[in-house]
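**Q** This is the content of final.pdb (PDB, C-alpha atoms and all ligand atoms):
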ATOM      1  CA  MET L   1      24.866  -5.417  48.805
ATOM      2  CA  THR L   2      27.406  -6.528  51.372
ATOM      3  CA  PHE L   3      29.327  -9.690  50.686
ATOM      4  CA  VAL L   4      27.524 -11.551  53.458
ATOM      5  CA  SER L   5      24.096 -10.572  52.142
ATOM      6  CA  LEU L   6      25.135 -11.682  48.651
ATOM      7  CA  ALA L   7      26.206 -15.025  50.121
ATOM      8  CA  ALA L   8      22.952 -15.230  52.073
ATOM      9  CA  ASN L   9      20.914 -14.534  48.915
ATOM     10  CA  ARG L  10      22.534 -17.342  46.954
ATOM     11  CA  TYR L  11      20.655 -20.576  47.249
ATOM     12  CA  SER L  12      20.242 -23.698  45.150
ATOM     13  CA  LEU L  13      17.636 -22.805  42.553
ATOM     14  CA  ARG L  14      15.925 -25.847  41.084
ATOM     15  CA  ASN L  15      13.078 -24.230  39.164
ATOM     16  CA  PHE L  16      14.058 -21.958  36.310
ATOM     17  CA  ALA L  17      11.966 -19.566  34.220
ATOM     18  CA  THR L  18      11.885 -19.952  30.449
ATOM     19  CA  LYS L  19      13.466 -16.503  29.994
ATOM     20  CA  LYS L  20      16.840 -16.739  28.263
ATOM     21  CA  VAL L  21      19.926 -15.503  30.088
ATOM     22  CA  GLU L  22      21.651 -12.573  28.420
ATOM     23  CA  LYS L  23      25.131 -13.338  27.101
ATOM     24  CA  GLU L  24      26.589 -10.358  29.027
ATOM     25  CA  LYS L  25      25.398 -11.940  32.275
ATOM     26  CA  ILE L  26      27.030 -15.227  31.361
ATOM     27  CA  ASN L  27      30.242 -13.441  30.459
ATOM     28  CA  TYR L  28      30.156 -11.636  33.807
ATOM     29  CA  MET L  29      29.962 -15.007  35.570
ATOM     30  CA  LEU L  30      32.846 -16.312  33.482
ATOM     31  CA  GLN L  31      34.921 -13.255  34.353
ATOM     32  CA  ALA L  32      34.223 -13.896  38.025
ATOM     33  CA  ALA L  33      35.516 -17.449  37.541
ATOM     34  CA  GLN L  34      38.578 -16.196  35.702
ATOM     35  CA  LEU L  35      39.448 -14.014  38.705
ATOM     36  CA  ALA L  36      39.343 -16.894  41.176
ATOM     37  CA  PRO L  37      42.554 -17.806  42.977
ATOM     38  CA  SER L  38      44.098 -21.218  42.394
ATOM     39  CA  ALA L  39      46.963 -23.133  43.917
ATOM     40  CA  VAL L  40      50.272 -21.845  42.488
ATOM     41  CA  ASN L  41      48.040 -19.850  40.101
ATOM     42  CA  LYS L  42      47.788 -22.901  37.846
ATOM     43  CA  GLN L  43      44.214 -22.058  36.765
ATOM     44  CA  PRO L  44      43.604 -25.725  35.933
ATOM     45  CA  TRP L  45      40.153 -25.164  34.490
ATOM     46  CA  LYS L  46      38.046 -24.885  31.384
ATOM     47  CA  PHE L  47      34.496 -23.626  31.256
ATOM     48  CA  ILE L  48      32.014 -24.867  28.702
ATOM     49  CA  ALA L  49      29.113 -22.434  28.500
ATOM     50  CA  VAL L  50      26.020 -24.103  27.104
ATOM     51  CA  THR L  51      22.862 -22.291  26.020
ATOM     52  CA  GLN L  52      22.157 -24.325  22.895
ATOM     53  CA  PRO L  53      18.941 -26.300  23.526
ATOM     54  CA  ALA L  54      20.281 -29.414  21.763
ATOM     55  CA  MET L  55      23.385 -29.496  23.963
ATOM     56  CA  LEU L  56      21.353 -28.725  27.101
ATOM     57  CA  ALA L  57      19.186 -31.734  26.253
ATOM     58  CA  LYS L  58      22.296 -33.911  25.941
ATOM     59  CA  LEU L  59      23.558 -32.608  29.287
ATOM     60  CA  HIS L  60      20.226 -33.560  30.798
ATOM     61  CA  THR L  61      20.996 -37.208  30.008
ATOM     62  CA  CYS L  62      24.003 -36.878  32.365
ATOM     63  CA  TYR L  63      21.753 -35.661  35.168
ATOM     64  CA  PRO L  64      18.199 -36.729  34.383
ATOM     65  CA  ARG L  65      16.213 -34.633  36.828
ATOM     66  CA  ASP L  66      13.082 -32.768  35.717
ATOM     67  CA  TRP L  67      14.191 -29.534  37.320
ATOM     68  CA  PHE L  68      17.541 -29.616  35.523
ATOM     69  CA  LYS L  69      15.660 -29.587  32.223
ATOM     70  CA  THR L  70      14.239 -26.155  33.062
ATOM     71  CA  ALA L  71      17.673 -24.485  33.135
ATOM     72  CA  GLN L  72      18.241 -22.146  30.184
ATOM     73  CA  ALA L  73      21.988 -22.293  30.569
ATOM     74  CA  CYS L  74      24.628 -24.454  32.131
ATOM     75  CA  ILE L  75      28.361 -24.157  32.618
ATOM     76  CA  VAL L  76      30.315 -27.389  32.639
ATOM     77  CA  VAL L  77      33.396 -26.850  34.762
ATOM     78  CA  VAL L  78      36.308 -29.010  33.776
ATOM     79  CA  GLY L  79      39.429 -29.643  35.836
ATOM     80  CA  ASN L  80      42.744 -30.279  34.148
ATOM     81  CA  HIS L  81      44.687 -32.760  36.245
ATOM     82  CA  GLU L  82      47.818 -32.271  34.169
ATOM     83  CA  GLU L  83      47.885 -28.588  35.124
ATOM     84  CA  SER L  84      46.656 -28.667  38.714
ATOM     85  CA  TRP L  85      49.124 -28.290  41.564
ATOM     86  CA  LYS L  86      50.055 -31.430  43.530
ATOM     87  CA  ARG L  87      51.517 -31.072  46.994
ATOM     88  CA  LEU L  88      54.629 -33.101  47.874
ATOM     89  CA  ASP L  89      52.413 -35.777  49.448
ATOM     90  CA  GLY L  90      50.573 -36.051  46.139
ATOM     91  CA  LYS L  91      47.373 -34.198  47.068
ATOM     92  CA  ASP L  92      45.825 -32.843  43.893
ATOM     93  CA  HIS L  93      44.343 -29.378  44.453
ATOM     94  CA  CYS L  94      42.187 -29.430  41.308
ATOM     95  CA  ASP L  95      38.868 -29.861  43.155
ATOM     96  CA  ILE L  96      39.652 -26.968  45.481
ATOM     97  CA  ASP L  97      40.530 -24.638  42.609
ATOM     98  CA  ILE L  98      37.409 -25.623  40.711
ATOM     99  CA  ALA L  99      35.216 -25.114  43.773
ATOM    100  CA  ILE L 100      36.417 -21.546  44.209
ATOM    101  CA  ALA L 101      35.763 -20.733  40.561
ATOM    102  CA  VAL L 102      32.292 -22.260  40.745
ATOM    103  CA  ASP L 103      31.453 -20.319  43.878
ATOM    104  CA  HIS L 104      32.539 -17.088  42.200
ATOM    105  CA  MET L 105      30.179 -17.876  39.330
ATOM    106  CA  ALA L 106      27.288 -18.805  41.591
ATOM    107  CA  LEU L 107      27.669 -15.541  43.512
ATOM    108  CA  ALA L 108      28.025 -13.537  40.295
ATOM    109  CA  ALA L 109      24.788 -15.151  39.118
ATOM    110  CA  THR L 110      23.024 -14.140  42.345
ATOM    111  CA  GLU L 111      24.309 -10.589  42.061
ATOM    112  CA  GLN L 112      22.690 -10.365  38.622
ATOM    113  CA  GLY L 113      19.288 -11.660  39.732
ATOM    114  CA  LEU L 114      19.930 -15.187  38.486
ATOM    115  CA  GLY L 115      19.867 -18.448  40.374
ATOM    116  CA  SER L 116      22.040 -21.520  40.037
ATOM    117  CA  CYS L 117      22.619 -24.910  41.556
ATOM    118  CA  TRP L 118      25.835 -26.834  41.924
ATOM    119  CA  VAL L 119      25.554 -30.320  40.469
ATOM    120  CA  CYS L 120      28.197 -32.959  41.152
ATOM    121  CA  ASN L 121      25.958 -36.014  41.246
ATOM    122  CA  PHE L 122      25.975 -36.467  37.473
ATOM    123  CA  ASP L 123      27.043 -39.401  35.324
ATOM    124  CA  LEU L 124      30.751 -38.700  34.875
ATOM    125  CA  GLU L 125      31.326 -41.164  32.042
ATOM    126  CA  LYS L 126      28.346 -39.899  30.043
ATOM    127  CA  CYS L 127      29.583 -36.355  30.439
ATOM    128  CA  ARG L 128      33.109 -37.330  29.433
ATOM    129  CA  GLN L 129      31.815 -39.021  26.307
ATOM    130  CA  LEU L 130      29.557 -36.122  25.436
ATOM    131  CA  PHE L 131      32.521 -33.778  25.104
ATOM    132  CA  ASN L 132      35.086 -36.421  24.226
ATOM    133  CA  PHE L 133      37.387 -35.352  27.051
ATOM    134  CA  ALA L 134      40.915 -36.711  27.273
ATOM    135  CA  SER L 135      41.591 -38.666  30.471
ATOM    136  CA  HIS L 136      43.340 -35.767  32.264
ATOM    137  CA  LEU L 137      40.259 -33.583  31.836
ATOM    138  CA  GLU L 138      37.562 -34.185  34.410
ATOM    139  CA  PRO L 139      34.150 -32.543  34.335
ATOM    140  CA  ILE L 140      33.790 -31.719  38.032
ATOM    141  CA  VAL L 141      30.745 -29.492  38.369
ATOM    142  CA  LEU L 142      27.711 -28.703  36.249
ATOM    143  CA  LEU L 143      26.300 -25.296  37.078
ATOM    144  CA  PRO L 144      22.805 -24.900  35.650
ATOM    145  CA  PHE L 145      21.539 -21.367  36.029
ATOM    146  CA  GLY L 146      18.891 -18.926  34.917
ATOM    147  CA  TYR L 147      16.092 -16.726  36.128
ATOM    148  CA  PRO L 148      13.972 -18.079  38.965
ATOM    149  CA  ALA L 149      10.538 -19.338  37.874
ATOM    150  CA  ASN L 150       8.995 -17.861  40.984
ATOM    151  CA  GLU L 151       9.961 -16.002  44.099
ATOM    152  CA  ALA L 152      11.375 -18.911  46.028
ATOM    153  CA  VAL L 153      11.216 -19.019  49.772
ATOM    154  CA  HIS L 154      14.494 -20.476  50.792
ATOM    155  CA  GLU L 155      15.710 -21.024  54.233
ATOM    156  CA  LYS L 156      19.350 -21.327  55.058
ATOM    157  CA  LYS L 157      19.863 -24.402  57.140
ATOM    158  CA  ARG L 158      23.269 -23.869  58.608
ATOM    159  CA  LYS L 159      25.074 -25.012  61.709
ATOM    160  CA  GLU L 160      25.485 -22.337  64.332
ATOM    161  CA  LEU L 161      28.826 -20.535  64.357
ATOM    162  CA  ASP L 162      29.642 -21.813  67.833
ATOM    163  CA  GLU L 163      29.245 -25.375  66.518
ATOM    164  CA  ILE L 164      31.792 -24.912  63.767
ATOM    165  CA  VAL L 165      34.245 -22.306  64.999
ATOM    166  CA  THR L 166      37.097 -22.696  67.441
ATOM    167  CA  TRP L 167      38.802 -19.537  68.598
ATOM    168  CA  TYR L 168      42.252 -19.155  70.055
ATOM    169  CA  GLU L 169      42.124 -15.555  71.305
TER     170      GLU L 169
HETATM  171  C1  LIG L 201      30.003 -29.686  45.922
HETATM  172  C2  LIG L 201      28.509 -29.608  45.830
HETATM  173  C3  LIG L 201      27.829 -30.567  45.108
HETATM  174  C4  LIG L 201      26.440 -30.490  44.979
HETATM  175  N1  LIG L 201      25.783 -31.372  44.161
HETATM  176  C5  LIG L 201      24.448 -31.274  44.011
HETATM  177  C6  LIG L 201      23.765 -32.138  43.115
HETATM  178  O1  LIG L 201      24.346 -33.001  42.455
HETATM  179  N2  LIG L 201      22.420 -31.989  42.995
HETATM  180  C7  LIG L 201      21.728 -31.025  43.680
HETATM  181  O2  LIG L 201      20.500 -30.932  43.510
HETATM  182  N3  LIG L 201      22.358 -30.177  44.534
HETATM  183  C8  LIG L 201      23.686 -30.273  44.710
HETATM  184  N4  LIG L 201      24.358 -29.401  45.536
HETATM  185  C9  LIG L 201      23.595 -28.349  46.245
HETATM  186  C10 LIG L 201      23.524 -28.596  47.767
HETATM  187  O3  LIG L 201      22.580 -29.583  48.036
HETATM  188  C11 LIG L 201      23.170 -27.250  48.449
HETATM  189  O4  LIG L 201      24.170 -26.304  48.176
HETATM  190  C12 LIG L 201      23.028 -27.392  49.965
HETATM  191  O5  LIG L 201      21.927 -28.214  50.282
HETATM  192  C13 LIG L 201      22.820 -26.028  50.650
HETATM  193  O6  LIG L 201      21.686 -25.367  50.127
HETATM  194  P1  LIG L 201      21.782 -23.936  49.422
HETATM  195  O7  LIG L 201      22.705 -24.075  48.225
HETATM  196  O8  LIG L 201      20.366 -23.625  48.982
HETATM  197  O9  LIG L 201      22.314 -22.946  50.394
HETATM  198  C14 LIG L 201      25.728 -29.451  45.656
HETATM  199  C15 LIG L 201      26.450 -28.491  46.379
HETATM  200  C16 LIG L 201      27.816 -28.550  46.441
HETATM  201  C17 LIG L 201      28.556 -27.440  47.174
END
In C-alpha cells, what does this structure look like?
**A**
Amino acid sequence: MTFVSLAANRYSLRNFATKKVEKEKINYMLQAAQLAPSAVNKQPWKFIAVTQPAMLAKLHTCYPRDWFKTAQACIVVVGNHEESWKRLDGKDHCDIDIAIAVDHMALAATEQGLGSCWVCNFDLEKCRQLFNFASHLEPIVLLPFGYPANEAVHEKKRKELDEIVTWYE
C-alpha cells in the first residue's frame, strides 16, 4: 500500500464490531506513536491503552455517544505541558506533537485492518478526574478503535488541491 492509499483508506469509524483487538495490534499502534517526531524531541506524551470493559464504560461517561460505546479499545493521549517545547513567544507545541502521534496511530490502525476515530469533543474535567491527572497533564485526544462492524462506505470530502495550495515555482 502506498502512503497516499493508506491515508485515503483511513476514515473516522463510528461503528465497531464486538471482536476484541489483539494486543500485538495495539502495541504496533503504540510503536507508531513512539516513532512520531516532536518539537525539540521532547516527546511530551503518555498513552493510556484501555481495553478493560469497566474502564471503557467510565471513558464513555466522558463522551456519551452510543457509537463510542461500541469501541473495544481506546487510547487516551495525554500531553505533558511541563515537558512540551515552548517557542520564545510562548507558543506551546504540545497539541502539535500529540496530533502527529495520534495520526501515526490512526494510520497504523488502518494498516492493520482496524478503524479509529479521533475524539476531542469530550468532557475534559471528567476525563481528568477519571485518571486523577496532575494539572500539567492534559488528556488531549481519545482514540477509540477496533474492527469495523460492517464494510463502511466512506467518502472523502476534501477541498480540491487548487483551493488549498499556493505554489511559488
Ligand atoms: C482534532 C480532531 C478532533 C476530532 N474530534 C472529533 C470528535 O470529538 N468526535 C467525532 O465524532 N469526530 C471527531 N473528529 C473526526 C472528524 O470529524 C473527521 O476526521 C473529519 O470529519 C474527516 O473525516 P474522516 O476522518 O472520515 O476522513 C475529529 C478529528 C480531528 C482531526
**Q** Extract, using all atoms listed in the file, all DNA, RNA and protein residues at most 8 Å from Gln43 in chain L, discarding same-chain residues fewer than 3 positions from it, and format them as a list in words.
**A** Pro37, Ser38, Ala39, Glu83, Ser84 and Asp97 of chain L
**Q** Taking C-alpha atoms for each residue, export the selection above as a tab-separated table (two decimals), keeping the file's coordinate frame.
**A**
chain	number	residue	atom	x	y	z
L	37	PRO	CA	42.55	-17.81	42.98
L	38	SER	CA	44.10	-21.22	42.39
L	39	ALA	CA	46.96	-23.13	43.92
L	83	GLU	CA	47.88	-28.59	35.12
L	84	SER	CA	46.66	-28.67	38.71
L	97	ASP	CA	40.53	-24.64	42.61
**Q** Quick check, in Å to one decimal: how far apart do CA of Gln52 in chain L and CA of Lys25 in chain L lie?
**A** 15.9 Å
**Q** On this structure, the PyMOL selection byres (((chain L and resi 136) around 9) and not hetatm) would catch which residues? List them as a PyMOL selection string, sorted by chain and number.
**A** chain L and resi 79-83+133-135+137-138
**Q** Using only C-alpha atoms, please write the residues we just selected to a file, as a PDB file, in the coordinates of the input.
**A**
ATOM      1  CA  GLY L  79      39.429 -29.643  35.836  1.00  0.00           C
ATOM      2  CA  ASN L  80      42.744 -30.279  34.148  1.00  0.00           C
ATOM      3  CA  HIS L  81      44.687 -32.760  36.245  1.00  0.00           C
ATOM      4  CA  GLU L  82      47.818 -32.271  34.169  1.00  0.00           C
ATOM      5  CA  GLU L  83      47.885 -28.588  35.124  1.00  0.00           C
ATOM      6  CA  PHE L 133      37.387 -35.352  27.051  1.00  0.00           C
ATOM      7  CA  ALA L 134      40.915 -36.711  27.273  1.00  0.00           C
ATOM      8  CA  SER L 135      41.591 -38.666  30.471  1.00  0.00           C
ATOM      9  CA  LEU L 137      40.259 -33.583  31.836  1.00  0.00           C
ATOM     10  CA  GLU L 138      37.562 -34.185  34.410  1.00  0.00           C
TER      11      GLU L 138
END
**Q** Evaluating the PyMOL selection byres (((not hetatm)) within 7 of (chain L and resi 201)) on the displayed file yields which residues, as a PyMOL selection string?
**A** chain L and resi 10-12+117-122+154+156
**Q** I need the residue set behind the PyMOL selection byres (((chain L and resi 34-36) around 7) and not hetatm) for this file; please write it as a PDB file with C-alpha atoms, in the coordinates of the input.
**A**
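Generated file (result35.pdb):
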ATOM      1  CA  LEU L  30      32.846 -16.312  33.482  1.00  0.00           C
ATOM      2  CA  GLN L  31      34.921 -13.255  34.353  1.00  0.00           C
ATOM      3  CA  ALA L  32      34.223 -13.896  38.025  1.00  0.00           C
ATOM      4  CA  ALA L  33      35.516 -17.449  37.541  1.00  0.00           C
ATOM      5  CA  PRO L  37      42.554 -17.806  42.977  1.00  0.00           C
ATOM      6  CA  SER L  38      44.098 -21.218  42.394  1.00  0.00           C
ATOM      7  CA  ILE L 100      36.417 -21.546  44.209  1.00  0.00           C
ATOM      8  CA  ALA L 101      35.763 -20.733  40.561  1.00  0.00           C
ATOM      9  CA  HIS L 104      32.539 -17.088  42.200  1.00  0.00           C
TER      10      HIS L 104
END
**Q** Between L:Asp162, L:Glu111, L:Glu24, L:Asp95, which is the closest to Trp45 in chain L once you count all atoms listed in the file?
**A** L:Asp95
**Q** From the set L:Glu155, L:Gln72, L:Phe3, L:Ala108, which residue has the shortest atom-to-atom contact distance to Glu22 in chain L, counting all atoms listed in the file?
**A**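 Comparing L:Glu155, L:Gln72, L:Phe3, L:Ala108 against Glu22 in chain L, the winner is L:Gln72.
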**Q** What is the CA of Thr110 in chain L-CA of Lys19 in chain L distance in Å, reported with one decimal?
**A**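 Interatomic distance, CA of Thr110 in chain L to CA of Lys19 in chain L: 15.8 Å.
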